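Raw query-v1.cif, mmCIF, C-alpha atoms:
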data_data
#
loop_
_atom_site.label_atom_id
_atom_site.label_comp_id
_atom_site.auth_asym_id
_atom_site.auth_seq_id
_atom_site.Cartn_x
_atom_site.Cartn_y
_atom_site.Cartn_z
CA ASP X 1 0.00 0.00 0.00
CA MET X 2 1.31 3.45 -0.97
CA GLU X 3 0.13 6.77 0.40
CA TYR X 4 -0.19 10.05 -1.45
CA LEU X 5 -1.74 13.50 -1.30
CA TRP X 6 -3.79 15.13 -4.05
CA PHE X 7 -4.58 18.83 -4.40
CA GLY X 8 -6.94 20.28 -6.99
CA LYS X 9 -9.79 19.13 -9.21
CA PHE X 10 -8.88 20.53 -12.61
CA GLY X 11 -5.86 21.25 -14.74
CA ARG X 12 -2.59 19.63 -15.68
CA PRO X 13 -1.47 16.86 -13.28
CA VAL X 14 1.89 17.51 -11.62
CA ILE X 15 3.72 14.85 -9.60
CA LEU X 16 5.88 16.31 -6.82
CA PHE X 17 8.46 13.76 -5.68
CA PRO X 18 9.92 14.17 -2.17
CA THR X 19 13.64 14.42 -1.43
CA SER X 20 15.79 11.50 -0.27
CA ALA X 21 14.49 11.05 3.27
CA GLY X 22 11.11 12.69 2.69
CA ARG X 23 7.68 11.10 2.77
CA TYR X 24 4.67 11.91 0.63
CA TYR X 25 3.69 14.85 2.86
CA GLU X 26 7.13 16.52 2.72
CA ASN X 27 6.31 18.87 -0.16
CA GLU X 28 3.24 20.01 1.74
CA ASP X 29 5.06 20.42 5.05
CA PHE X 30 7.78 22.55 3.46
CA LYS X 31 5.17 24.74 1.71
CA LEU X 32 6.15 23.74 -1.82
CA ALA X 33 2.54 22.85 -2.61
CA ALA X 34 1.41 26.13 -1.08
CA SER X 35 3.78 28.06 -3.35
CA VAL X 36 1.56 27.16 -6.32
CA ALA X 37 -1.77 27.10 -4.45
CA ASP X 38 -3.14 29.93 -6.59
CA LYS X 39 -2.60 27.83 -9.72
CA VAL X 40 -4.32 24.87 -8.06
CA ASN X 41 -7.25 27.00 -6.96
CA ALA X 42 -7.55 28.51 -10.44
CA GLY X 43 -7.83 25.04 -11.96
CA GLU X 44 -4.56 25.33 -13.88
CA ILE X 45 -2.85 22.37 -12.22
CA GLN X 46 -3.48 19.43 -9.91
CA LEU X 47 -0.76 18.23 -7.53
CA ILE X 48 -0.01 14.61 -6.73
CA LEU X 49 2.44 13.98 -3.88
CA PRO X 50 3.48 10.30 -3.94
CA ASP X 51 5.46 8.38 -1.40
CA THR X 52 8.79 6.67 -2.20
CA VAL X 53 10.67 3.61 -0.97
CA ASN X 54 14.10 5.26 -0.87
CA ASP X 55 14.88 3.75 2.53
CA GLU X 56 14.13 0.30 1.12
CA SER X 57 15.95 0.82 -2.18
CA TRP X 58 18.99 2.99 -2.94
CA TYR X 59 19.46 4.17 0.65
CA ASN X 60 19.14 0.74 2.25
CA LYS X 61 22.75 -0.11 3.11
CA SER X 62 21.67 -3.19 5.07
CA VAL X 63 20.92 -5.20 1.90
CA HIS X 64 22.91 -6.16 -1.18
CA PRO X 65 22.94 -3.52 -3.97
CA ALA X 66 21.08 -5.96 -6.23
CA VAL X 67 18.20 -5.92 -3.74
CA ARG X 68 18.29 -2.13 -3.58
CA ALA X 69 18.06 -1.91 -7.37
CA ALA X 70 15.31 -4.52 -7.57
CA ARG X 71 13.28 -2.66 -4.96
CA HIS X 72 13.57 0.54 -6.96
CA ALA X 73 12.47 -1.32 -10.08
CA GLN X 74 9.35 -2.41 -8.16
CA TYR X 75 8.72 1.21 -7.20
CA ASP X 76 9.11 2.25 -10.84
CA SER X 77 6.55 -0.38 -11.80
CA TYR X 78 4.15 0.98 -9.18
CA LEU X 79 4.50 4.48 -10.61
CA ARG X 80 4.05 3.40 -14.22
CA ASN X 81 1.41 0.70 -13.85
CA GLU X 82 -0.63 1.85 -10.85
CA LEU X 83 -0.19 5.52 -10.01
CA VAL X 84 -0.05 7.00 -13.53
CA PRO X 85 -3.18 5.16 -14.80
CA TYR X 86 -4.97 6.34 -11.67
CA ILE X 87 -3.83 9.92 -12.34
CA HIS X 88 -4.96 9.75 -15.95
CA ASN X 89 -8.37 8.48 -14.89
CA ARG X 90 -8.90 10.93 -12.04
CA ALA X 91 -7.43 14.00 -13.73
CA GLN X 92 -8.85 13.19 -17.16
CA ARG X 93 -5.63 14.64 -18.57
CA GLY X 94 -2.62 13.01 -20.16
CA ASP X 95 -0.13 15.91 -20.10
CA LEU X 96 1.71 14.77 -16.98
CA VAL X 97 4.45 16.88 -15.36
CA VAL X 98 7.02 15.40 -12.98
CA TYR X 99 8.99 17.52 -10.52
CA GLY X 100 11.70 16.76 -8.01
CA ALA X 101 14.53 18.46 -6.15
CA SER X 102 17.75 16.90 -4.90
CA PHE X 103 17.11 13.12 -4.91
CA GLY X 104 13.55 13.88 -5.98
CA ALA X 105 15.07 15.16 -9.21
CA TYR X 106 16.55 11.69 -9.69
CA HIS X 107 13.05 10.25 -9.56
CA ALA X 108 11.67 12.89 -11.92
CA SER X 109 14.49 12.59 -14.45
CA ASN X 110 14.59 8.80 -14.36
CA PHE X 111 10.84 8.46 -14.82
CA ALA X 112 10.71 11.01 -17.63
CA ALA X 113 13.68 9.43 -19.38
CA ARG X 114 12.15 5.98 -19.19
CA TYR X 115 8.62 7.00 -20.18
CA PRO X 116 8.70 10.04 -22.48
CA ASP X 117 5.41 8.94 -24.02
CA ILE X 118 3.55 9.82 -20.81
CA VAL X 119 5.61 12.73 -19.42
CA SER X 120 5.20 16.13 -21.02
CA ARG X 121 7.57 18.05 -18.73
CA ALA X 122 10.31 17.17 -16.25
CA ILE X 123 11.35 19.84 -13.74
CA CYS X 124 14.60 18.95 -11.98
CA PHE X 125 16.04 21.26 -9.33
CA SER X 126 19.42 20.72 -7.64
CA GLY X 127 19.37 17.23 -9.00
CA VAL X 128 21.14 13.93 -8.55
CA TYR X 129 21.10 11.91 -11.78
CA ASP X 130 23.60 9.12 -11.17
CA ILE X 131 23.19 6.19 -8.76
CA HIS X 132 26.69 4.67 -8.88
CA SER X 133 27.37 5.92 -5.35
CA PHE X 134 24.47 3.76 -4.09
CA THR X 135 25.61 0.47 -5.63
CA ASP X 136 28.96 -0.13 -3.87
CA GLY X 137 30.61 -1.15 -7.14
CA TYR X 138 27.84 -3.56 -8.08
CA TRP X 139 26.08 -3.14 -11.44
CA ASP X 140 23.28 -4.96 -13.25
CA ASP X 141 20.48 -4.21 -15.71
CA ASN X 142 18.26 -2.70 -13.02
CA CYS X 143 21.07 -0.33 -12.07
CA TYR X 144 21.76 0.57 -15.69
CA PHE X 145 18.17 1.16 -16.74
CA HIS X 146 17.47 3.27 -13.65
CA CYS X 147 20.54 5.48 -13.98
CA PRO X 148 19.87 8.33 -16.43
CA THR X 149 23.56 9.16 -16.78
CA ALA X 150 24.21 5.56 -17.84
CA PHE X 151 21.44 4.80 -20.32
CA LEU X 152 20.68 8.20 -21.83
CA PRO X 153 23.97 8.45 -23.77
CA ASN X 154 23.07 5.16 -25.49
CA VAL X 155 19.46 5.84 -26.56
CA ASP X 156 18.69 5.38 -30.23
CA ASN X 157 17.36 8.11 -32.49
CA GLU X 158 13.74 7.03 -32.06
CA LEU X 159 13.85 7.28 -28.28
CA ALA X 160 15.89 10.49 -28.46
CA GLY X 161 13.12 11.95 -30.61
CA LYS X 162 10.53 11.09 -27.97
CA LEU X 163 12.74 12.52 -25.23
CA ALA X 164 13.08 15.72 -27.25
CA ARG X 165 9.33 16.27 -26.91
CA VAL X 166 9.61 16.37 -23.11
CA GLY X 167 9.99 19.88 -21.71
CA TRP X 168 13.16 19.41 -19.69
CA VAL X 169 14.01 21.98 -17.00
CA ILE X 170 17.31 21.63 -15.13
CA ALA X 171 18.23 24.29 -12.61
CA THR X 172 20.00 24.97 -9.34
CA GLY X 173 21.99 27.66 -7.59
CA GLU X 174 25.35 28.80 -8.88
CA HIS X 175 27.03 27.76 -5.61
CA ASP X 176 25.30 24.40 -5.19
CA THR X 177 27.89 21.63 -4.84
CA LEU X 178 25.88 19.80 -7.54
CA ALA X 179 25.93 22.72 -9.98
CA GLN X 180 28.47 21.06 -12.27
CA LYS X 181 26.58 17.74 -12.23
CA ASN X 182 23.45 19.58 -13.33
CA ARG X 183 25.36 21.36 -16.08
CA GLU X 184 26.73 18.01 -17.24
CA PHE X 185 23.29 16.42 -17.28
CA SER X 186 21.95 19.27 -19.39
CA GLY X 187 24.88 18.83 -21.76
CA MET X 188 24.29 15.09 -21.94
CA LEU X 189 20.71 15.67 -23.06
CA ALA X 190 21.81 18.28 -25.59
CA SER X 191 24.43 15.90 -27.01
CA LYS X 192 21.60 13.52 -27.95
CA GLY X 193 19.61 16.31 -29.62
CA ILE X 194 17.28 16.66 -26.62
CA PRO X 195 16.52 20.36 -25.98
CA ASN X 196 16.39 21.46 -22.36
CA HIS X 197 16.14 24.64 -20.36
CA PHE X 198 19.17 24.95 -18.09
CA GLU X 199 19.83 27.72 -15.62
CA LEU X 200 22.04 28.50 -12.65
CA TRP X 201 20.56 30.98 -10.21
CA PRO X 202 23.35 33.57 -9.88
CA GLY X 203 24.98 34.14 -6.52
CA GLN X 204 22.77 31.53 -4.84
CA PHE X 205 23.34 28.22 -3.08
CA GLY X 206 19.95 27.16 -4.39
CA HIS X 207 19.87 23.67 -2.87
CA ASP X 208 17.12 24.34 -0.36
CA TRP X 209 13.40 24.87 -0.04
CA PRO X 210 13.23 28.67 -0.34
CA TRP X 211 14.71 28.56 -3.84
CA TRP X 212 12.65 25.56 -4.92
CA ARG X 213 9.47 27.29 -3.76
CA GLU X 214 10.44 30.49 -5.53
CA HIS X 215 11.18 28.92 -8.91
CA LEU X 216 8.68 26.04 -9.17
CA ARG X 217 5.79 28.29 -10.12
CA ARG X 218 7.70 29.56 -13.14
CA PHE X 219 7.61 26.13 -14.76
CA VAL X 220 4.21 24.60 -13.94
#
Using structure tokens, write down the structure from this file.
Amino acid sequence: DMEYLWFGKFGRPVILFPTSAGRYYENEDFKLAASVADKVNAGEIQLILPDTVNDESWYNKSVHPAVRAARHAQYDSYLRNELVPYIHNRAQRGDLVVYGASFGAYHASNFAARYPDIVSRAICFSGVYDIHSFTDGYWDDNCYFHCPTAFLPNVDNELAGKLARVGWVIATGEHDTLAQKNREFSGMLASKGIPNHFELWPGQFGHDWPWWREHLRRFV
């Protein structure tokens, strides 16, 4: 059983993934949902705040990395085969947006990269896009196909064309320790002919809730 929150009755559905240790209510508790409440109330967007299994998957150091990867693959299947069909049915819209910051951006980018047919926009703030640090040197197909920095450079032209139709947004603060990783991810997409909007917020750390709240509304 997975828990979630839903805000709004009309408009484009937007999934807000939590950060690494966050639960489904994190984006409400830290006022991210409230930062776009006017758009929800106006019927422009609907917000879906799903839970994750990060503590059972990539962050679970008590199990073998193969088990971590397999658990994430199960979570991915839940998103694709249970949550998204439910969203399509309830929202009566197919133009899904995914958002995440920090490790939430991993979820957003990975899901959008794997399923460009059902994601219209991916908003990634202060993101992590590589999971090698969670696998302790282990690697298998689950790791590969859930690591955007691994599989995206190898996509064929057909998939690259589908990915090019996703509205990619990659942004963080100029002084974020992950700024270069975000720049590299943007460049990786561009190298495959996948347009994306990349920005560094000048003079800012950017890897924290005040900046995410400030900039989210610009892209939904």
I need the residue set behind the PyMOL selection byres ((chain X and resi 201) around 6) for this file; please write it as JSON, numbers by chain. {"X": [173, 174, 200, 202, 204]}
Output file for the selection above: C-alpha atoms, as a tab-separated table (two decimals), keeping the file's coordinate frame:
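Output file part-v8.tsv follows:
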chain	number	residue	atom	x	y	z
X	173	GLY	CA	21.99	27.66	-7.59
X	174	GLU	CA	25.35	28.80	-8.88
X	200	LEU	CA	22.04	28.50	-12.65
X	202	PRO	CA	23.35	33.57	-9.88
X	204	GLN	CA	22.77	31.53	-4.84
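Taking only C-alpha atoms, the non-local environment of region 181-186 of chain X within 8 Å (same-chain residues fewer than 4 positions away omitted) comprises Ser126, Gly127, Val128, Tyr129, Thr149, Ile170, Ala171, Thr172, Ala190, Asn196, His197 and Phe198 of chain X.
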How would you write as a PDB file with C-alpha atoms, in the frame of the given file the residues that get within 12 Å of (27.2, 4.3, -16.7) in the file's frame, counting all atoms listed in the file?
ATOM      1  CA  TYR X 129      21.100  11.910 -11.780  1.00  0.00           C
ATOM      2  CA  ASP X 130      23.600   9.120 -11.170  1.00  0.00           C
ATOM      3  CA  ILE X 131      23.190   6.190  -8.760  1.00  0.00           C
ATOM      4  CA  HIS X 132      26.690   4.670  -8.880  1.00  0.00           C
ATOM      5  CA  SER X 133      27.370   5.920  -5.350  1.00  0.00           C
ATOM      6  CA  THR X 135      25.610   0.470  -5.630  1.00  0.00           C
ATOM      7  CA  GLY X 137      30.610  -1.150  -7.140  1.00  0.00           C
ATOM      8  CA  TYR X 138      27.840  -3.560  -8.080  1.00  0.00           C
ATOM      9  CA  TRP X 139      26.080  -3.140 -11.440  1.00  0.00           C
ATOM     10  CA  ASP X 140      23.280  -4.960 -13.250  1.00  0.00           C
ATOM     11  CA  ASP X 141      20.480  -4.210 -15.710  1.00  0.00           C
ATOM     12  CA  ASN X 142      18.260  -2.700 -13.020  1.00  0.00           C
ATOM     13  CA  CYS X 143      21.070  -0.330 -12.070  1.00  0.00           C
ATOM     14  CA  TYR X 144      21.760   0.570 -15.690  1.00  0.00           C
ATOM     15  CA  PHE X 145      18.170   1.160 -16.740  1.00  0.00           C
ATOM     16  CA  HIS X 146      17.470   3.270 -13.650  1.00  0.00           C
ATOM     17  CA  CYS X 147      20.540   5.480 -13.980  1.00  0.00           C
ATOM     18  CA  PRO X 148      19.870   8.330 -16.430  1.00  0.00           C
ATOM     19  CA  THR X 149      23.560   9.160 -16.780  1.00  0.00           C
ATOM     20  CA  ALA X 150      24.210   5.560 -17.840  1.00  0.00           C
ATOM     21  CA  PHE X 151      21.440   4.800 -20.320  1.00  0.00           C
ATOM     22  CA  LEU X 152      20.680   8.200 -21.830  1.00  0.00           C
ATOM     23  CA  PRO X 153      23.970   8.450 -23.770  1.00  0.00           C
ATOM     24  CA  ASN X 154      23.070   5.160 -25.490  1.00  0.00           C
TER      25      ASN X 154
END
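Compared by their closest atoms to Asn110 (chain X), and using all atoms listed in the file, the residues X:Asn41, X:Gly94, X:Ile48, X:Tyr75 rank with X:Tyr75 nearest.
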X:Tyr25, X:Phe30, X:Phe17, X:Phe10: which is nearest Gly104 (chain X), counting all atoms listed in the file? X:Phe17
Any idea what the distance is between CA of Arg121 (chain X) and CA of Trp168 (chain X)? 5.8 Å
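Here, the PyMOL selection byres ((chain X and resi 2) around 9) matches X:Asp1, X:Glu3, X:Tyr4, X:Pro50, X:Asp51, X:Thr52.
Taking CA of Gly100 (chain X) as the reference point, CA of Asn54 (chain X) is found at 13.7 Å.
For the residues X:Tyr99, X:Tyr78, X:Trp6, X:Phe205, ranking by smallest atom-to-atom distance to Phe219 (chain X) using all atoms listed in the file places X:Tyr99 first.
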Report, in Å with one decimal, the straight-line distance from CA of Ala113 (chain X) to CA of Arg23 (chain X). 23.0 Å
Selection near Asp117 (chain X), 10 Å with all atoms listed in the file, sequence-local residues under 4 positions removed, as an mmCIF file with C-alpha atoms, keeping the file's coordinate frame:
data_model
loop_
_atom_site.group_PDB
_atom_site.id
_atom_site.type_symbol
_atom_site.label_atom_id
_atom_site.label_comp_id
_atom_site.auth_asym_id
_atom_site.auth_seq_id
_atom_site.Cartn_x
_atom_site.Cartn_y
_atom_site.Cartn_z
ATOM 1 C CA GLY X 94 -2.620 13.010 -20.160
ATOM 2 C CA ASP X 95 -0.130 15.910 -20.100
ATOM 3 C CA LEU X 96 1.710 14.770 -16.980
ATOM 4 C CA ALA X 112 10.710 11.010 -17.630
ATOM 5 C CA ALA X 113 13.680 9.430 -19.380
ATOM 6 C CA LEU X 159 13.850 7.280 -28.280
ATOM 7 C CA LYS X 162 10.530 11.090 -27.970
ATOM 8 C CA LEU X 163 12.740 12.520 -25.230
ATOM 9 C CA ARG X 165 9.330 16.270 -26.910
ATOM 10 C CA VAL X 166 9.610 16.370 -23.110
#
Between X:Leu178, X:Leu189, X:Ala42, X:Leu83, which one has atoms that come closest to Gly11 (chain X), using only C-alpha atoms? X:Ala42
